[in-house]
file work_34.txt (compact mmCIF, N, CA, C and O atoms)
# COMPACT_ATOMS: atom_id res chain seq x y z
N MET A 344 249.01 21.15 98.63
CA MET A 344 247.91 20.63 97.83
C MET A 344 248.07 19.12 97.68
O MET A 344 249.14 18.64 97.34
N VAL A 345 247.03 18.37 97.93
CA VAL A 345 247.06 16.91 97.89
C VAL A 345 247.52 16.41 96.53
O VAL A 345 248.31 15.49 96.43
N LEU A 346 247.06 17.01 95.47
CA LEU A 346 247.37 16.51 94.14
C LEU A 346 248.84 16.67 93.78
O LEU A 346 249.42 15.79 93.16
N THR A 347 249.45 17.77 94.15
CA THR A 347 250.86 17.96 93.82
C THR A 347 251.73 16.95 94.56
O THR A 347 252.75 16.53 94.05
N GLY A 348 251.33 16.53 95.73
CA GLY A 348 252.05 15.51 96.47
C GLY A 348 252.00 14.15 95.77
O GLY A 348 252.81 13.27 96.05
N LYS A 349 251.06 13.97 94.87
CA LYS A 349 250.91 12.72 94.12
C LYS A 349 251.48 12.84 92.70
O LYS A 349 251.25 11.98 91.87
N GLY A 350 252.18 13.93 92.44
CA GLY A 350 252.77 14.11 91.12
C GLY A 350 251.82 14.70 90.10
O GLY A 350 252.12 14.73 88.91
N ILE A 351 250.66 15.17 90.53
CA ILE A 351 249.70 15.79 89.63
C ILE A 351 249.86 17.29 89.76
O ILE A 351 249.70 17.85 90.85
N VAL A 352 250.21 17.93 88.67
CA VAL A 352 250.44 19.37 88.68
C VAL A 352 249.35 20.04 87.86
O VAL A 352 249.22 19.77 86.66
N PRO A 353 248.56 20.91 88.46
CA PRO A 353 247.49 21.59 87.71
C PRO A 353 248.06 22.58 86.71
O PRO A 353 249.07 23.23 86.96
N GLU A 354 247.40 22.68 85.55
CA GLU A 354 247.79 23.67 84.55
C GLU A 354 247.32 25.06 84.95
O GLU A 354 247.95 26.04 84.63
N GLU A 355 246.18 25.11 85.64
CA GLU A 355 245.62 26.40 86.05
C GLU A 355 244.94 26.22 87.40
O GLU A 355 244.26 25.23 87.63
N VAL A 356 245.12 27.19 88.26
CA VAL A 356 244.46 27.19 89.57
C VAL A 356 243.70 28.51 89.69
O VAL A 356 244.26 29.57 89.45
N VAL A 357 242.42 28.41 90.06
CA VAL A 357 241.59 29.59 90.24
C VAL A 357 241.13 29.63 91.69
O VAL A 357 240.57 28.65 92.19
N ASP A 358 241.38 30.73 92.37
CA ASP A 358 240.93 30.91 93.74
C ASP A 358 239.50 31.45 93.68
O ASP A 358 239.30 32.63 93.41
N THR A 359 238.52 30.59 93.92
CA THR A 359 237.13 31.00 93.77
C THR A 359 236.66 31.93 94.88
O THR A 359 235.55 32.44 94.81
N ARG A 360 237.49 32.15 95.89
CA ARG A 360 237.14 33.17 96.88
C ARG A 360 237.32 34.55 96.27
O ARG A 360 236.66 35.51 96.66
N LYS A 361 238.21 34.64 95.29
CA LYS A 361 238.48 35.93 94.65
C LYS A 361 237.82 36.03 93.28
O LYS A 361 237.42 37.11 92.86
N GLU A 362 237.75 34.93 92.57
CA GLU A 362 237.16 34.90 91.23
C GLU A 362 235.99 33.93 91.23
O GLU A 362 236.17 32.72 91.17
N LYS A 363 234.78 34.45 91.34
CA LYS A 363 233.59 33.62 91.44
C LYS A 363 233.25 33.00 90.09
O LYS A 363 233.40 33.62 89.05
N ILE A 364 232.84 31.74 90.12
CA ILE A 364 232.36 31.05 88.92
C ILE A 364 230.90 30.70 89.21
O ILE A 364 230.61 29.69 89.86
N THR A 365 230.01 31.57 88.77
CA THR A 365 228.59 31.40 89.06
C THR A 365 227.90 30.65 87.92
O THR A 365 228.55 30.14 87.02
N GLU A 366 226.59 30.60 87.95
CA GLU A 366 225.80 29.74 87.07
C GLU A 366 226.20 29.78 85.60
O GLU A 366 226.48 28.75 85.01
N ASP A 367 226.24 30.95 84.99
CA ASP A 367 226.55 31.03 83.56
C ASP A 367 227.97 30.57 83.26
O ASP A 367 228.21 29.79 82.34
N GLY A 368 228.93 31.04 84.04
CA GLY A 368 230.32 30.63 83.85
C GLY A 368 230.52 29.16 84.13
O GLY A 368 231.27 28.47 83.43
N ALA A 369 229.85 28.67 85.18
CA ALA A 369 229.96 27.25 85.53
C ALA A 369 229.40 26.39 84.39
O ALA A 369 230.02 25.39 84.01
N TRP A 370 228.26 26.79 83.85
CA TRP A 370 227.65 25.99 82.78
C TRP A 370 228.56 25.93 81.56
O TRP A 370 228.66 24.90 80.90
N GLU A 371 229.26 27.02 81.25
CA GLU A 371 230.19 27.02 80.12
C GLU A 371 231.28 25.96 80.32
O GLU A 371 231.65 25.27 79.37
N LEU A 372 231.78 25.83 81.53
CA LEU A 372 232.79 24.81 81.82
C LEU A 372 232.17 23.41 81.80
O LEU A 372 232.74 22.47 81.24
N LEU A 373 231.02 23.27 82.44
CA LEU A 373 230.40 21.96 82.61
C LEU A 373 229.91 21.35 81.30
O LEU A 373 230.10 20.16 81.06
N LYS A 374 229.30 22.15 80.46
CA LYS A 374 228.72 21.60 79.22
C LYS A 374 229.78 21.13 78.24
O LYS A 374 229.48 20.32 77.36
N ALA A 375 231.01 21.58 78.40
CA ALA A 375 232.09 21.15 77.51
C ALA A 375 232.62 19.77 77.87
O ALA A 375 233.30 19.13 77.07
N ALA A 376 232.30 19.27 79.06
CA ALA A 376 232.78 17.96 79.50
C ALA A 376 231.86 16.86 78.97
O ALA A 376 230.67 17.06 78.80
N GLN A 377 232.44 15.70 78.73
CA GLN A 377 231.63 14.54 78.36
C GLN A 377 231.01 13.91 79.59
O GLN A 377 229.92 13.35 79.51
N GLU A 378 231.73 14.01 80.71
CA GLU A 378 231.25 13.38 81.94
C GLU A 378 231.57 14.27 83.13
O GLU A 378 232.65 14.85 83.20
N LEU A 379 230.61 14.37 84.04
CA LEU A 379 230.80 15.12 85.28
C LEU A 379 230.64 14.15 86.44
O LEU A 379 229.65 13.42 86.51
N VAL A 380 231.63 14.13 87.32
CA VAL A 380 231.55 13.30 88.51
C VAL A 380 231.48 14.27 89.68
O VAL A 380 232.40 15.05 89.90
N VAL A 381 230.36 14.25 90.39
CA VAL A 381 230.11 15.25 91.44
C VAL A 381 229.98 14.55 92.78
O VAL A 381 229.10 13.72 92.98
N GLY A 382 230.89 14.90 93.69
CA GLY A 382 230.89 14.32 95.02
C GLY A 382 230.30 15.25 96.05
O GLY A 382 230.53 16.46 96.02
N ARG A 383 229.53 14.67 96.93
CA ARG A 383 228.94 15.43 98.03
C ARG A 383 228.77 14.47 99.20
O ARG A 383 228.06 13.48 99.08
N GLY A 384 229.46 14.76 100.29
CA GLY A 384 229.39 13.87 101.45
C GLY A 384 229.99 12.52 101.13
O GLY A 384 231.07 12.41 100.57
N LYS A 385 229.25 11.46 101.43
CA LYS A 385 229.74 10.09 101.22
C LYS A 385 229.31 9.51 99.88
O LYS A 385 229.55 8.35 99.60
N LYS A 386 228.66 10.32 99.05
CA LYS A 386 228.14 9.83 97.77
C LYS A 386 228.71 10.65 96.62
O LYS A 386 229.17 11.77 96.82
N PHE A 387 228.65 10.09 95.43
CA PHE A 387 228.95 10.86 94.24
C PHE A 387 228.00 10.43 93.13
O PHE A 387 227.47 9.33 93.14
N GLU A 388 227.76 11.35 92.20
CA GLU A 388 226.87 11.11 91.07
C GLU A 388 227.62 11.39 89.79
O GLU A 388 228.53 12.22 89.76
N ILE A 389 227.20 10.75 88.72
CA ILE A 389 227.79 10.97 87.41
C ILE A 389 226.72 11.55 86.49
O ILE A 389 225.59 11.05 86.43
N PHE A 390 227.10 12.63 85.81
CA PHE A 390 226.20 13.30 84.87
C PHE A 390 226.87 13.37 83.50
O PHE A 390 228.09 13.36 83.40
N HIS A 391 226.03 13.48 82.47
CA HIS A 391 226.50 13.67 81.10
C HIS A 391 225.77 14.89 80.54
O HIS A 391 224.56 14.81 80.26
N PRO A 392 226.48 16.01 80.40
CA PRO A 392 225.83 17.26 79.97
C PRO A 392 225.07 17.16 78.65
O PRO A 392 224.08 17.86 78.45
N ALA A 393 225.49 16.30 77.74
CA ALA A 393 224.79 16.16 76.47
C ALA A 393 223.43 15.49 76.64
O ALA A 393 222.56 15.64 75.79
N GLN A 394 223.23 14.78 77.76
CA GLN A 394 222.00 14.02 77.96
C GLN A 394 221.18 14.49 79.16
O GLN A 394 219.96 14.43 79.12
N ASP A 395 221.84 14.91 80.22
CA ASP A 395 221.13 15.26 81.45
C ASP A 395 220.69 16.72 81.44
O ASP A 395 221.27 17.56 80.75
N GLU A 396 219.68 17.02 82.23
CA GLU A 396 219.12 18.37 82.27
C GLU A 396 220.08 19.37 82.92
O GLU A 396 220.67 19.09 83.98
N LYS A 397 220.18 20.52 82.31
CA LYS A 397 221.06 21.59 82.79
C LYS A 397 220.76 21.95 84.24
O LYS A 397 221.68 22.08 85.05
N GLU A 398 219.48 22.10 84.59
CA GLU A 398 219.10 22.52 85.94
C GLU A 398 219.52 21.49 86.99
O GLU A 398 219.93 21.84 88.09
N VAL A 399 219.40 20.21 86.66
CA VAL A 399 219.78 19.14 87.58
C VAL A 399 221.29 19.16 87.80
O VAL A 399 221.78 19.04 88.93
N ILE A 400 222.02 19.34 86.71
CA ILE A 400 223.49 19.39 86.80
C ILE A 400 223.93 20.59 87.63
O ILE A 400 224.76 20.46 88.53
N LEU A 401 223.36 21.76 87.35
CA LEU A 401 223.76 22.95 88.09
C LEU A 401 223.42 22.84 89.57
O LEU A 401 224.20 23.27 90.42
N LYS A 402 222.29 22.24 89.88
CA LYS A 402 221.91 22.07 91.29
C LYS A 402 222.95 21.23 92.03
O LYS A 402 223.30 21.51 93.17
N ALA A 403 223.49 20.22 91.37
CA ALA A 403 224.49 19.35 91.99
C ALA A 403 225.87 20.02 92.06
O ALA A 403 226.63 19.77 92.99
N CYS A 404 226.16 20.88 91.09
CA CYS A 404 227.52 21.44 90.96
C CYS A 404 227.72 22.80 91.62
O CYS A 404 228.87 23.20 91.83
N LEU A 405 226.64 23.49 91.92
CA LEU A 405 226.78 24.80 92.56
C LEU A 405 226.53 24.68 94.05
O LEU A 405 225.65 23.94 94.49
N GLY A 406 227.29 25.42 94.83
CA GLY A 406 227.11 25.43 96.27
C GLY A 406 226.00 26.36 96.71
O GLY A 406 225.31 26.96 95.88
N ARG A 407 225.82 26.51 98.01
CA ARG A 407 224.76 27.37 98.56
C ARG A 407 224.87 28.81 98.10
O ARG A 407 223.89 29.52 98.00
N THR A 408 226.09 29.26 97.86
CA THR A 408 226.31 30.65 97.44
C THR A 408 226.08 30.86 95.96
O THR A 408 226.16 31.99 95.48
N GLY A 409 225.85 29.78 95.21
CA GLY A 409 225.66 29.89 93.78
C GLY A 409 226.97 29.82 93.00
O GLY A 409 227.00 30.00 91.80
N ASN A 410 228.04 29.53 93.69
CA ASN A 410 229.36 29.43 93.09
C ASN A 410 229.66 27.95 92.78
O ASN A 410 229.19 27.06 93.48
N LEU A 411 230.47 27.69 91.75
CA LEU A 411 230.88 26.34 91.43
C LEU A 411 231.56 25.72 92.64
O LEU A 411 232.44 26.34 93.26
N ARG A 412 231.15 24.50 93.00
CA ARG A 412 231.73 23.82 94.16
C ARG A 412 233.19 23.52 93.93
O ARG A 412 233.63 23.29 92.81
N ALA A 413 233.93 23.50 95.00
CA ALA A 413 235.36 23.25 94.92
C ALA A 413 235.68 21.99 95.70
O ALA A 413 234.96 21.64 96.63
N PRO A 414 236.75 21.32 95.35
CA PRO A 414 237.56 21.57 94.17
C PRO A 414 236.84 21.12 92.90
O PRO A 414 235.97 20.26 92.95
N ALA A 415 237.21 21.72 91.80
CA ALA A 415 236.69 21.33 90.49
C ALA A 415 237.89 21.06 89.60
O ALA A 415 238.70 21.95 89.36
N LEU A 416 238.03 19.83 89.17
CA LEU A 416 239.17 19.42 88.36
C LEU A 416 238.71 19.02 86.97
O LEU A 416 237.74 18.29 86.82
N LYS A 417 239.42 19.49 85.97
CA LYS A 417 239.16 19.06 84.60
C LYS A 417 240.28 18.10 84.24
O LYS A 417 241.45 18.46 84.24
N ILE A 418 239.90 16.87 83.96
CA ILE A 418 240.86 15.83 83.63
C ILE A 418 240.44 15.26 82.28
O ILE A 418 239.51 14.46 82.20
N GLY A 419 241.09 15.70 81.23
CA GLY A 419 240.68 15.30 79.89
C GLY A 419 239.29 15.83 79.60
O GLY A 419 239.02 17.02 79.74
N LYS A 420 238.37 14.95 79.24
CA LYS A 420 236.99 15.35 78.94
C LYS A 420 236.06 15.11 80.12
O LYS A 420 234.85 15.16 79.99
N ARG A 421 236.64 14.86 81.28
CA ARG A 421 235.88 14.62 82.51
C ARG A 421 236.13 15.77 83.48
O ARG A 421 237.23 16.27 83.57
N MET A 422 235.10 16.15 84.23
CA MET A 422 235.28 17.09 85.33
C MET A 422 234.90 16.37 86.62
O MET A 422 233.89 15.67 86.67
N VAL A 423 235.73 16.55 87.63
CA VAL A 423 235.49 15.99 88.95
C VAL A 423 235.25 17.17 89.88
O VAL A 423 236.11 18.05 90.01
N ILE A 424 234.07 17.21 90.49
CA ILE A 424 233.65 18.38 91.26
C ILE A 424 233.29 17.97 92.67
O ILE A 424 232.59 16.98 92.88
N GLY A 425 233.77 18.76 93.64
CA GLY A 425 233.51 18.44 95.03
C GLY A 425 234.54 17.44 95.52
O GLY A 425 235.51 17.12 94.83
N PHE A 426 234.33 16.94 96.72
CA PHE A 426 235.29 15.99 97.26
C PHE A 426 234.60 14.82 97.91
O PHE A 426 233.62 14.98 98.64
N ASN A 427 235.11 13.63 97.61
CA ASN A 427 234.66 12.38 98.19
C ASN A 427 235.83 11.42 98.02
O ASN A 427 236.35 11.27 96.90
N ASP A 428 236.29 10.78 99.10
CA ASP A 428 237.47 9.90 99.02
C ASP A 428 237.32 8.82 97.96
O ASP A 428 238.21 8.61 97.14
N ALA A 429 236.20 8.11 97.96
CA ALA A 429 235.99 7.02 97.01
C ALA A 429 235.98 7.53 95.57
O ALA A 429 236.53 6.90 94.67
N MET A 430 235.38 8.69 95.37
CA MET A 430 235.32 9.29 94.04
C MET A 430 236.73 9.61 93.55
O MET A 430 237.09 9.31 92.42
N TYR A 431 237.54 10.21 94.42
CA TYR A 431 238.92 10.56 94.04
C TYR A 431 239.73 9.31 93.75
O TYR A 431 240.51 9.28 92.81
N GLU A 432 239.58 8.27 94.56
CA GLU A 432 240.31 7.04 94.31
C GLU A 432 239.95 6.44 92.96
O GLU A 432 240.82 5.98 92.23
N GLN A 433 238.69 6.49 92.60
CA GLN A 433 238.23 5.90 91.35
C GLN A 433 238.53 6.77 90.13
O GLN A 433 238.91 6.25 89.09
N PHE A 434 238.38 8.08 90.26
CA PHE A 434 238.46 8.93 89.07
C PHE A 434 239.71 9.80 88.98
O PHE A 434 240.00 10.34 87.93
N VAL A 435 240.43 9.96 90.07
CA VAL A 435 241.62 10.82 90.05
C VAL A 435 242.88 9.99 90.26
O VAL A 435 243.93 10.28 89.75
N GLY A 436 242.81 8.96 91.03
CA GLY A 436 243.97 8.13 91.31
C GLY A 436 244.05 7.85 92.79
O GLY A 436 243.31 8.40 93.60
N ASP A 437 244.95 6.99 93.16
CA ASP A 437 245.09 6.59 94.56
C ASP A 437 245.63 7.75 95.40
O ASP A 437 246.76 8.18 95.22
N LEU A 438 244.79 8.28 96.25
CA LEU A 438 245.20 9.39 97.11
C LEU A 438 245.56 8.82 98.47
O LEU A 438 245.87 9.45 99.37

call {"tool": "encode", "arguments": {"input": "work_34.txt", "output": "structure tokens"}}
result
Amino acid sequence: MVLTGKGIVPEEVVDTRKEKITEDGAWELLKAAQELVVGRGKKFEIFHPAQDEKEVILKACLGRTGNLRAPALKIGKRMVIGFNDAMYEQFVGDL
């Protein structure tokens, strides 16, 4: 795992191939965050669940199968979802 090689040890790891996190479960996780950073391809977007529309957030955070996109990291009051090199460098640390 890339993060453990950088000294970041996750408190909990969920294999979403075995344990699906679909719309309702995903929203419970997402709405508790102050900030969501969602990466897709070469871009990333920032959302604030207290201000932004639930449907817009879920559309960005759920994959084609309706499952929460991976990886999804909770770092304090921020969630980092999906993968983008620039996003990880800025919000997770120098990878």

call {"tool": "residues_near_point", "arguments": {"input": "work_34.txt", "point": "(231.1, 21.1, 84.5)", "cutoff": "10 Å", "atoms": "only C-alpha atoms", "output": "PyMOL selection string"}}
result
chain A and resi 368-381+390-392+400-401+404-405+411+415-417+420-424

call {"tool": "atom_distance", "arguments": {"input": "work_34.txt", "atom1": "atom N of Phe387 in chain A", "atom2": "atom C of Phe426 in chain A"}}
result
8.0 Å

call {"tool": "closest_residue", "arguments": {"input": "work_34.txt", "among": "A:Ile389, A:Thr408, A:Lys402, A:Asn427", "to": "Ile364 in chain A", "atoms": "only N, CA, C and O atoms"}}
result
A:Thr408

call {"tool": "atom_distance", "arguments": {"input": "work_34.txt", "atom1": "CA of Met430 in chain A", "atom2": "CA of Ala413 in chain A"}}
result
14.0 Å

call {"tool": "select_by_dssp", "arguments": {"input": "work_34.txt", "residues": "range 348-421 of chain A", "states": "strand (DSSP E)", "output": "count of residues only"}}
result
16

call {"tool": "select_by_dssp", "arguments": {"input": "work_34.txt", "residues": "chain A", "states": "alpha helix (DSSP H)", "output": "NGL selection string"}}
result
:A and (345-348 or 366-374 or 397-404 or 428-434)

call {"tool": "closest_residue", "arguments": {"input": "work_34.txt", "among": "A:Asp367, A:Lys385, A:Glu355, A:Ala403", "to": "Ala429 in chain A", "atoms": "only N, CA, C and O atoms"}}
result
A:Lys385

call {"tool": "atom_distance", "arguments": {"input": "work_34.txt", "atom1": "atom C of Thr359 in chain A", "atom2": "atom N of Gly436 in chain A"}}
result
24.1 Å
